[in-house]
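**Student:** My file is final-v1.txt. It has compact mmCIF, C-alpha atoms:
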# COMPACT_ATOMS: atom_id res chain seq x y z
CA MET A 1 0.00 0.00 0.00
CA ASN A 2 1.39 3.20 -1.06
CA LYS A 3 2.02 5.39 1.80
CA ILE A 4 0.03 8.50 1.49
CA LEU A 5 2.19 11.43 2.26
CA ILE A 6 0.36 14.46 3.42
CA PHE A 7 2.10 17.81 3.55
CA PHE A 8 0.89 20.16 6.20
CA ILE A 9 2.34 23.57 6.27
CA LEU A 10 0.87 26.30 8.32
CA ALA A 11 0.46 29.71 6.75
CA LEU A 12 1.49 28.78 3.19
CA LEU A 13 5.22 28.89 3.71
CA ILE A 14 7.77 26.41 2.32
CA PHE A 15 11.37 27.54 2.90
CA PRO A 16 12.28 31.13 3.76
CA PHE A 17 15.65 32.43 2.58
CA VAL A 18 15.95 34.77 5.56
CA SER A 19 14.43 34.44 8.98
CA ALA A 20 11.42 36.74 8.84
CA SER A 21 10.08 38.76 11.74
CA CYS A 22 6.69 40.41 11.50
CA SER A 23 5.99 43.28 13.90
CA LEU A 24 3.08 45.53 14.78
CA GLY A 25 2.93 48.31 17.37
CA ALA A 26 -0.05 50.52 18.22
CA ASN A 27 -0.99 53.61 20.18
CA PRO A 28 -3.35 54.39 21.86
CA LEU A 29 -5.02 51.26 23.20
CA SER A 30 -8.12 52.74 24.84
CA ILE A 31 -10.10 55.94 24.31
CA ASN A 32 -13.06 57.50 26.14
CA ILE A 33 -14.96 60.30 24.42
CA ASN A 34 -18.23 62.22 24.70
CA ALA A 35 -20.38 62.91 21.67
CA LYS A 36 -23.85 64.11 20.80
CA PRO A 37 -26.38 62.04 18.86
CA GLY A 38 -26.00 62.78 15.17
CA GLN A 39 -22.35 63.75 15.57
CA GLU A 40 -19.49 62.09 13.68
CA VAL A 41 -16.39 61.45 15.78
CA MET A 42 -12.91 60.75 14.49
CA ILE A 43 -10.38 58.52 16.25
CA ASN A 44 -6.67 58.44 15.37
CA TRP A 45 -5.15 54.97 15.75
CA ASN A 46 -1.38 55.03 15.24
CA PHE A 47 0.74 52.07 14.09
CA TYR A 48 4.48 51.46 13.95
CA ASN A 49 7.05 48.83 12.99
CA LEU A 50 10.19 49.19 15.08
CA TYR A 51 11.34 45.56 15.18
CA GLY A 52 10.25 43.73 12.03
CA ASN A 53 12.34 43.05 8.94
CA ARG A 54 9.31 42.87 6.67
CA ILE A 55 6.62 45.32 5.62
CA THR A 56 3.62 44.82 7.92
CA HIS A 57 0.31 45.01 6.07
CA VAL A 58 -2.31 46.36 8.47
CA VAL A 59 -6.04 45.72 8.35
CA VAL A 60 -8.40 47.39 10.85
CA ASN A 61 -11.90 46.12 11.62
CA LYS A 62 -14.52 46.28 14.34
CA LEU A 63 -14.73 43.24 16.62
CA GLU A 64 -17.42 44.41 19.05
CA GLY A 65 -19.88 47.26 19.32
CA PRO A 66 -23.22 48.55 18.02
CA ASP A 67 -23.94 48.60 14.29
CA TRP A 68 -23.28 52.29 13.78
CA LYS A 69 -21.91 53.77 10.58
CA ILE A 70 -18.12 53.38 10.59
CA ARG A 71 -15.57 54.27 7.92
CA TYR A 72 -11.80 54.14 7.83
CA ASP A 73 -9.21 56.41 6.26
CA PRO A 74 -7.28 54.98 4.51
CA GLU A 75 -10.00 52.61 3.41
CA ILE A 76 -9.13 48.93 3.00
CA HIS A 77 -7.85 48.39 -0.50
CA GLU A 78 -5.91 45.92 -2.61
CA ALA A 79 -2.24 46.75 -2.88
CA LYS A 80 0.40 45.10 -5.08
CA TYR A 81 3.96 44.30 -4.02
CA ASP A 82 6.95 42.90 -5.82
CA ILE A 83 8.05 39.99 -3.61
CA SER A 84 11.48 38.98 -4.88
CA GLY A 85 10.41 39.28 -8.50
CA VAL A 86 6.85 38.00 -8.08
CA VAL A 87 3.90 40.40 -7.92
CA GLU A 88 1.63 39.62 -4.99
CA LYS A 89 -1.62 41.25 -3.94
CA VAL A 90 -2.72 41.94 -0.37
CA GLN A 91 -5.66 43.67 1.33
CA GLU A 92 -4.61 46.47 3.67
CA ASN A 93 -5.55 49.82 5.19
CA LEU A 94 -1.89 50.78 5.27
CA ALA A 95 1.60 49.29 5.11
CA LEU A 96 4.32 49.74 7.73
CA GLU A 97 7.94 49.73 6.69
CA ASN A 98 10.50 49.22 9.43
CA ASN A 99 11.35 52.58 11.01
CA GLN A 100 13.59 53.44 13.93
CA VAL A 101 13.14 55.83 16.81
CA VAL A 102 14.44 59.34 15.99
CA LEU A 103 15.84 61.81 18.51
CA GLU A 104 14.23 64.79 16.81
CA ILE A 105 11.22 65.15 14.56
CA PRO A 106 12.56 65.73 11.03
CA TYR A 107 12.02 69.17 9.54
CA ASN A 108 10.81 67.71 6.26
CA LEU A 109 8.07 65.28 7.20
CA GLN A 110 7.60 62.22 5.03
CA GLU A 111 4.08 61.99 3.65
CA GLY A 112 1.81 59.84 5.77
CA ILE A 113 4.23 59.60 8.69
CA ASN A 114 3.67 61.30 12.03
CA TYR A 115 5.73 61.15 15.20
CA VAL A 116 4.73 60.33 18.76
CA LYS A 117 6.86 60.74 21.86
CA HIS A 118 8.54 57.49 22.95
CA PRO A 119 7.03 56.57 26.34
CA ASN A 120 10.20 55.55 28.16
CA GLN A 121 13.24 56.89 26.30
CA ASP A 122 14.33 60.03 24.51
CA GLY A 123 13.05 60.34 20.99
CA TYR A 124 10.02 59.87 18.80
CA ILE A 125 8.42 56.85 17.15
CA PRO A 126 7.49 57.20 13.47
CA VAL A 127 3.86 56.15 13.06
CA LYS A 128 1.23 55.87 10.38
CA THR A 129 -2.38 56.58 11.27
CA VAL A 130 -5.71 54.99 10.45
CA LYS A 131 -8.55 57.42 11.12
CA ILE A 132 -11.75 55.77 12.33
CA TYR A 133 -14.93 57.80 11.73
CA ILE A 134 -18.02 56.81 13.73
CA THR A 135 -21.45 58.41 13.32
CA ILE A 136 -23.63 58.42 16.44
CA PRO A 137 -27.27 57.75 15.48
CA GLU A 138 -29.74 60.59 16.05
CA ASP A 139 -31.87 58.34 18.25
CA ALA A 140 -29.01 57.10 20.45
CA LYS A 141 -29.96 57.23 24.13
CA LEU A 142 -28.43 60.10 26.08
CA TRP A 143 -25.92 59.69 28.92
CA LYS A 144 -25.15 56.09 27.95
CA ASN A 145 -21.78 54.45 27.27
CA TYR A 146 -21.45 52.62 23.95
CA ASP A 147 -18.39 50.33 23.87
CA PHE A 148 -16.42 49.25 20.81
CA VAL A 149 -13.41 46.96 20.29
CA PHE A 150 -11.37 47.37 17.13
CA GLU A 151 -8.72 44.90 15.98
CA SER A 152 -5.66 45.72 13.92
CA LYS A 153 -4.10 42.71 12.22
CA GLY A 154 -0.64 42.82 10.71
CA SER A 155 0.60 40.27 8.20
CA CYS A 156 3.92 39.92 6.40
CA PHE A 157 5.28 38.08 3.36
CA SER A 158 8.31 35.84 3.72
CA GLU A 159 8.55 34.68 0.12
CA PRO A 160 6.19 34.82 -2.85
CA GLY A 161 2.84 33.39 -1.85
CA ALA A 162 3.82 32.69 1.73
CA VAL A 163 2.46 34.59 4.68
CA ILE A 164 3.75 34.49 8.22
CA PRO A 165 1.24 34.04 11.04
CA ALA A 166 -0.34 37.39 11.71
CA VAL A 167 0.15 39.66 14.69
CA ALA A 168 -2.63 41.77 16.13
CA THR A 169 -3.63 44.19 18.84
CA LYS A 170 -6.82 45.90 19.97
CA LEU A 171 -8.31 49.32 20.66
CA LYS A 172 -11.07 49.74 23.24
CA LEU A 173 -13.30 52.73 22.56
CA SER A 174 -16.10 54.01 24.77
CA ILE A 175 -18.45 56.72 23.48
CA LYS A 176 -20.69 58.46 25.99
CA THR A 177 -23.66 60.21 24.48
CA THR A 178 -24.16 63.71 25.84
CA THR A 179 -26.03 66.89 25.08
CA THR A 180 -25.56 70.61 25.80
CA PHE A 181 -25.39 71.15 29.53
CA TYR A 182 -28.09 73.19 31.18
CA GLU A 183 -29.41 73.55 34.72
CA THR A 184 -32.88 74.79 35.60
CA PRO A 185 -34.20 74.96 39.15
CA ILE A 186 -37.50 73.28 39.76
CA ALA A 187 -39.67 75.22 42.25
CA ASN A 188 -40.87 73.28 45.28
CA GLU A 189 -44.31 74.63 46.47
CA THR A 190 -43.90 73.31 50.01
CA GLU A 191 -40.54 74.99 50.47
CA LYS A 192 -40.62 78.00 52.91
CA PRO A 193 -38.44 81.02 52.13
CA GLN A 194 -35.20 80.76 54.04
CA LYS A 195 -34.33 83.48 56.52
CA SER A 196 -31.04 85.07 55.75
CA THR A 197 -28.74 84.92 58.72
CA ILE A 198 -25.48 86.62 59.28
CA THR A 199 -22.92 84.84 61.45
CA GLY A 200 -19.88 86.88 62.34
CA ALA A 201 -18.90 89.04 59.38
CA VAL A 202 -19.14 87.24 56.09
CA VAL A 203 -17.85 89.57 53.42
CA GLY A 204 -19.10 88.99 49.99
CA THR A 205 -22.89 89.34 50.14
CA ASN A 206 -24.57 92.65 49.33
CA THR A 207 -26.80 92.55 52.46
CA THR A 208 -23.91 91.99 54.84
CA ALA A 209 -21.76 94.70 53.25
CA GLY A 210 -24.64 97.16 53.45
CA ILE A 211 -25.21 96.55 57.14
CA LEU A 212 -21.52 96.98 57.89
CA LEU A 213 -21.42 100.25 55.97
CA LEU A 214 -24.43 101.51 57.92
CA MET A 215 -22.79 100.61 61.20
CA THR A 216 -19.63 102.37 60.15
CA PHE A 217 -21.59 105.47 59.11
CA ILE A 218 -23.36 105.56 62.47
CA LEU A 219 -20.09 105.30 64.35
CA VAL A 220 -18.48 108.00 62.23
CA THR A 221 -21.46 110.26 62.87
CA VAL A 222 -21.20 109.68 66.61
CA LEU A 223 -17.51 110.45 66.52
CA ALA A 224 -18.07 113.64 64.54
CA TYR A 225 -20.71 114.75 67.06
CA LEU A 226 -18.32 114.12 69.87
CA LEU A 227 -15.60 116.14 68.14
CA ILE A 228 -17.96 119.02 67.62
CA LYS A 229 -18.98 118.90 71.27
CA ILE A 230 -15.33 118.88 72.30
CA LYS A 231 -14.55 121.97 70.22
CA LYS A 232 -17.45 123.82 71.78
CA MET B 1 -10.28 114.87 80.17
CA VAL B 2 -13.67 113.25 79.97
CA LYS B 3 -14.09 114.62 76.45
CA ARG B 4 -10.75 113.13 75.37
CA GLU B 5 -11.75 109.76 76.72
CA VAL B 6 -15.00 109.95 74.83
CA LEU B 7 -13.05 110.82 71.67
CA VAL B 8 -10.65 107.88 72.13
CA LEU B 9 -13.57 105.53 72.79
CA GLY B 10 -15.28 106.69 69.66
CA CYS B 11 -12.17 106.11 67.55
CA MET B 12 -11.74 102.65 68.98
CA LEU B 13 -15.33 101.78 68.10
CA ILE B 14 -14.87 102.94 64.52
CA ILE B 15 -11.61 101.07 64.10
CA SER B 16 -13.16 97.90 65.58
CA ALA B 17 -16.09 98.08 63.21
CA LEU B 18 -13.78 98.49 60.22
CA ALA B 19 -11.50 95.67 61.38
CA VAL B 20 -14.34 93.21 61.85
CA SER B 21 -15.66 94.01 58.41
CA VAL B 22 -12.33 93.04 56.85
CA PHE B 23 -12.15 89.47 58.18
CA ALA B 24 -14.66 86.93 57.04
CA ALA B 25 -16.39 84.76 59.63
CA SER B 26 -15.63 81.64 57.70
CA SER B 27 -13.41 80.50 54.84
CA ASP B 28 -14.75 78.77 51.74
CA PHE B 29 -12.85 75.97 50.00
CA ASP B 30 -13.58 74.74 46.56
CA THR B 31 -12.25 71.62 44.96
CA ALA B 32 -11.20 71.00 41.42
CA THR B 33 -10.16 67.81 39.71
CA ALA B 34 -6.91 67.47 37.81
CA SER B 35 -6.75 64.65 35.29
CA VAL B 36 -4.24 63.38 32.78
CA ILE B 37 -4.18 60.50 30.28
CA ILE B 38 -0.86 58.70 29.90
CA ASN B 39 -0.40 57.53 26.31
CA GLN B 40 -0.49 53.75 25.90
CA PHE B 41 1.85 51.72 23.67
CA ILE B 42 2.18 48.03 22.81
CA SER B 43 4.01 46.09 20.12
CA VAL B 44 4.16 42.40 19.25
CA THR B 45 6.83 40.80 17.04
CA LEU B 46 7.19 37.22 15.83
CA THR B 47 10.93 36.69 16.07
CA SER B 48 11.45 32.99 15.29
CA GLY B 49 9.62 29.72 14.71
CA SER B 50 7.46 31.39 12.11
CA PRO B 51 5.74 30.21 10.02
CA ILE B 52 4.77 27.11 11.98
CA ASP B 53 5.96 24.06 10.03
CA PHE B 54 4.97 20.39 10.56
CA GLY B 55 6.66 18.99 7.47
CA ASN B 56 5.21 15.68 6.21
CA MET B 57 2.56 13.77 8.21
CA ASP B 58 0.36 10.70 7.62
CA PRO B 59 -3.43 10.36 7.97
CA GLY B 60 -4.23 9.23 11.50
CA GLN B 61 -0.87 10.37 12.84
CA SER B 62 -1.01 11.39 16.49
CA LEU B 63 0.23 14.70 17.87
CA LYS B 64 3.52 15.81 16.36
CA ASN B 65 5.54 18.85 17.43
CA ALA B 66 6.19 21.57 14.89
CA THR B 67 9.64 21.10 13.41
CA ASN B 68 10.60 24.68 14.27
CA ASN B 69 9.06 24.94 17.78
CA PRO B 70 8.64 27.22 19.57
CA LEU B 71 7.03 30.25 17.99
CA ASN B 72 8.84 33.10 19.76
CA ILE B 73 7.06 36.37 20.41
CA THR B 74 8.63 39.58 21.68
CA ILE B 75 6.69 42.38 23.34
CA GLY B 76 8.48 45.66 22.66
CA SER B 77 10.24 47.54 25.45
CA GLU B 78 8.15 50.65 24.77
CA THR B 79 5.08 48.69 25.94
CA ASN B 80 3.75 50.51 29.00
CA VAL B 81 0.55 48.61 29.79
CA ASP B 82 -0.32 45.31 31.43
CA PHE B 83 -1.13 42.94 28.59
CA THR B 84 -2.40 39.49 27.62
CA ILE B 85 -1.08 37.40 24.74
CA SER B 86 -3.69 35.27 23.04
CA THR B 87 -3.89 33.10 19.95
CA LYS B 88 -6.59 32.03 17.53
CA ALA B 89 -7.02 30.56 14.07
CA ASN B 90 -8.52 32.62 11.26
CA SER B 91 -10.61 29.68 10.08
CA THR B 92 -12.38 26.67 11.57
CA THR B 93 -10.58 24.34 9.19
CA PHE B 94 -7.26 23.55 7.55
CA LYS B 95 -7.82 23.75 3.80
CA SER B 96 -6.30 22.23 0.69
CA GLY B 97 -8.56 23.16 -2.19
CA SER B 98 -11.95 21.70 -1.28
CA ASN B 99 -10.50 19.30 1.29
CA THR B 100 -10.56 20.32 4.93
CA PHE B 101 -10.09 19.09 8.47
CA ALA B 102 -10.90 20.76 11.80
CA VAL B 103 -8.51 23.34 13.23
CA GLY B 104 -9.11 21.77 16.63
CA ASN B 105 -6.51 19.16 15.65
CA LEU B 106 -3.93 21.90 16.21
CA ASN B 107 -2.86 22.44 19.84
CA TRP B 108 -0.74 24.98 21.62
CA ASN B 109 1.23 24.96 24.86
CA ASP B 110 2.82 27.82 26.75
CA ASP B 111 6.38 27.37 28.05
CA SER B 112 5.17 25.63 31.18
CA PHE B 113 3.65 22.77 29.16
CA ALA B 114 0.98 22.65 31.84
CA THR B 115 -2.00 22.75 29.55
CA LYS B 116 -2.55 21.59 25.99
CA THR B 117 -5.29 23.64 24.30
CA ASN B 118 -7.05 23.10 21.03
CA TYR B 119 -7.19 25.99 18.57
CA THR B 120 -10.46 27.75 17.85
CA THR B 121 -11.38 30.94 16.00
CA SER B 122 -11.80 32.80 19.30
CA ASP B 123 -8.96 34.46 21.16
CA VAL B 124 -7.67 32.26 24.00
CA ALA B 125 -5.17 33.70 26.45
CA VAL B 126 -1.79 31.98 26.41
CA TYR B 127 -0.09 34.44 28.79
CA SER B 128 -2.53 36.39 30.95
CA THR B 129 -2.02 39.77 32.59
CA GLN B 130 1.69 40.21 32.02
CA THR B 131 3.29 43.28 33.59
CA SER B 132 6.72 43.50 31.91
CA PRO B 133 7.59 43.19 28.23
CA ARG B 134 9.84 40.21 27.38
CA GLU B 135 10.05 37.25 25.01
CA TYR B 136 7.37 34.53 25.10
CA SER B 137 7.11 31.09 23.50
CA ILE B 138 4.20 29.10 22.16
CA TYR B 139 4.65 25.41 21.27
CA HIS B 140 2.46 23.77 18.63
CA GLU B 141 1.39 20.20 18.01
CA LEU B 142 -0.75 18.75 15.26
CA ALA B 143 -2.68 15.50 14.80
CA ILE B 144 -4.13 14.30 11.52
CA PRO B 145 -7.56 12.72 11.39
CA THR B 146 -8.20 9.55 9.43
CA PRO B 147 -9.13 9.20 6.68
CA GLN B 148 -7.73 12.40 5.20
CA LYS B 149 -6.97 13.17 1.58
CA ALA B 150 -3.44 14.15 0.59
CA GLY B 151 -2.55 17.77 -0.07
CA ASP B 152 -0.88 20.95 1.13
CA TYR B 153 -3.07 22.13 3.99
CA ASN B 154 -2.84 25.47 5.73
CA VAL B 155 -4.59 27.73 8.21
CA GLY B 156 -3.80 31.22 9.47
CA VAL B 157 -2.80 31.81 13.09
CA ILE B 158 -3.16 35.23 14.73
CA ILE B 159 -1.10 36.18 17.79
CA THR B 160 -2.71 39.10 19.63
CA ALA B 161 -1.15 41.26 22.32
CA ALA B 162 -3.75 43.49 23.93
CA ALA B 163 -3.89 45.75 26.94
CA VAL B 164 -5.67 44.34 29.95
Translate the structure of the given file into structure tokens.

**Tutor:**
Amino acid sequence: MNKILIFFILALLIFPFVSASCSLGANPLSININAKPGQEVMINWNFYNLYGNRITHVVVNKLEGPDWKIRYDPEIHEAKYDISGVVEKVQENLALENNQVVLEIPYNLQEGINYVKHPNQDGYIPVKTVKIYITIPEDAKLWKNYDFVFESKGSCFSEPGAVIPAVATKLKLSIKTTTTFYETPIANETEKPQKSTITGAVVGTNTTAGILLLMTFILVTVLAYLLIKIKK
Amino acid sequence: MVKREVLVLGCMLIISALAVSVFAASSDFDTATASVIINQFISVTLTSGSPIDFGNMDPGQSLKNATNNPLNITIGSETNVDFTISTKANSTTFKSGSNTFAVGNLNWNDDSFATKTNYTTSDVAVYSTQTSPREYSIYHELAIPTPQKAGDYNVGVIITAAAV
């Protein structure tokens, strides 16, 4: 009986020429915002590739959250790459080349690249940004938190047709629906008018200041009378 | 003399009235809240053992280790959040054309080898609530059901590092 040989290779790879490392970094990782029903909010989600030796192809999608209108910029699109002489296609929102931390933000900024302060060393991390636009429905309930989870997945080629297992991270977003603040007192019919009391000398109210001025005037008048009497 | 005393008394009364009016009977304190958001960063890099390779296997073969175990993952030093590393498959089946078999035949172990877990399409934590970035390892094993048609089978694996 012929032995049936079965080839199982995970992630379409056969033999890489060079050890491939696929890397994806992200910032921020959670956001809380307030928004009014009917408003469109925009979230900046930054990505970077400090450690990989391959271009990381990034795809962003919603994992959890209400079915509100969401769009991404850049939109997901098909991009073509020359992989060692073979043209390959991949779906992506953006692509991350390997970039290193810089000590100063360059004067001439490269298109599509922004810089964020490194969290625990001197310098700045070059990042690319996916903007997430979310439209809050007009009939969304007020003063309620709506929670989303977005996933960013990064994949890399190692040789034509072969893809390394993907790396991913998440963004937690909470949108609290609000409206214009106002405060209106509601009259209580059973409430009795409060007596105004003065304890000690509390400067700052018109009534208190007026009483003090009156007292001072009276005392000055008494003193003037006494002076006049003395002169006589 | 009496008139002078009356004059002094009157001055003292006026000065006292003015002095009392300067000092408030009570002090008011108000509170305000200061808040700041510290920017969060995380990165995940597959450094070795990728892609996960099992070479040649036979139908009905029991669990075999990947030839290039382990899959090594590095969390970048700029990471400043507590995080969890999880893994999942991007499909419920290995595929070779129209032929398939369940992704649950693929298992993973962390570096303690304490638990062997079948793959699913849902994120399962391999390393939970980690506080310091370092290198991590995931070991893979695969079994082949029987019967199973010959072919080149594959499935995607997604390694996720997310803030807790």

**Student:** CA of Val164 in chain B and CA of Val81 in chain B are how many Å apart?

**Tutor:**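 Distance reported for this atom pair: 7.5 Å.
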
**Student:** Measuring atom to atom with only C-alpha atoms, identify which of B:Thr74, B:Ala163, B:Thr129, B:Thr33 is nearest to Ala26 in chain A.

**Tutor:**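 The shortest atom-to-atom distance to Ala26 in chain A comes from B:Ala163.
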
**Student:** Here is a test: counting only C-alpha atoms, which residue of B:Ile73, B:Ala150, B:Leu106, B:Ala125 is nearest to chain A?

**Tutor:**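 Looking at the shortest contact to chain A, the residue is B:Ala150.
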
**Student:** Do a neighbour search on Ile38 in chain B at 12 Å with only C-alpha atoms, toss out local chain neighbours closer than 5 positions, and write the hits as a ChimeraX atom specification.

**Tutor:** /A:27-31,117-120 /B:80-81

**Student:** Hey, which of B:Pro133, B:Pro70, B:Gly55, B:Pro147 ends up closest to chain A? Count all atoms listed in the file.

**Tutor:** B:Gly55
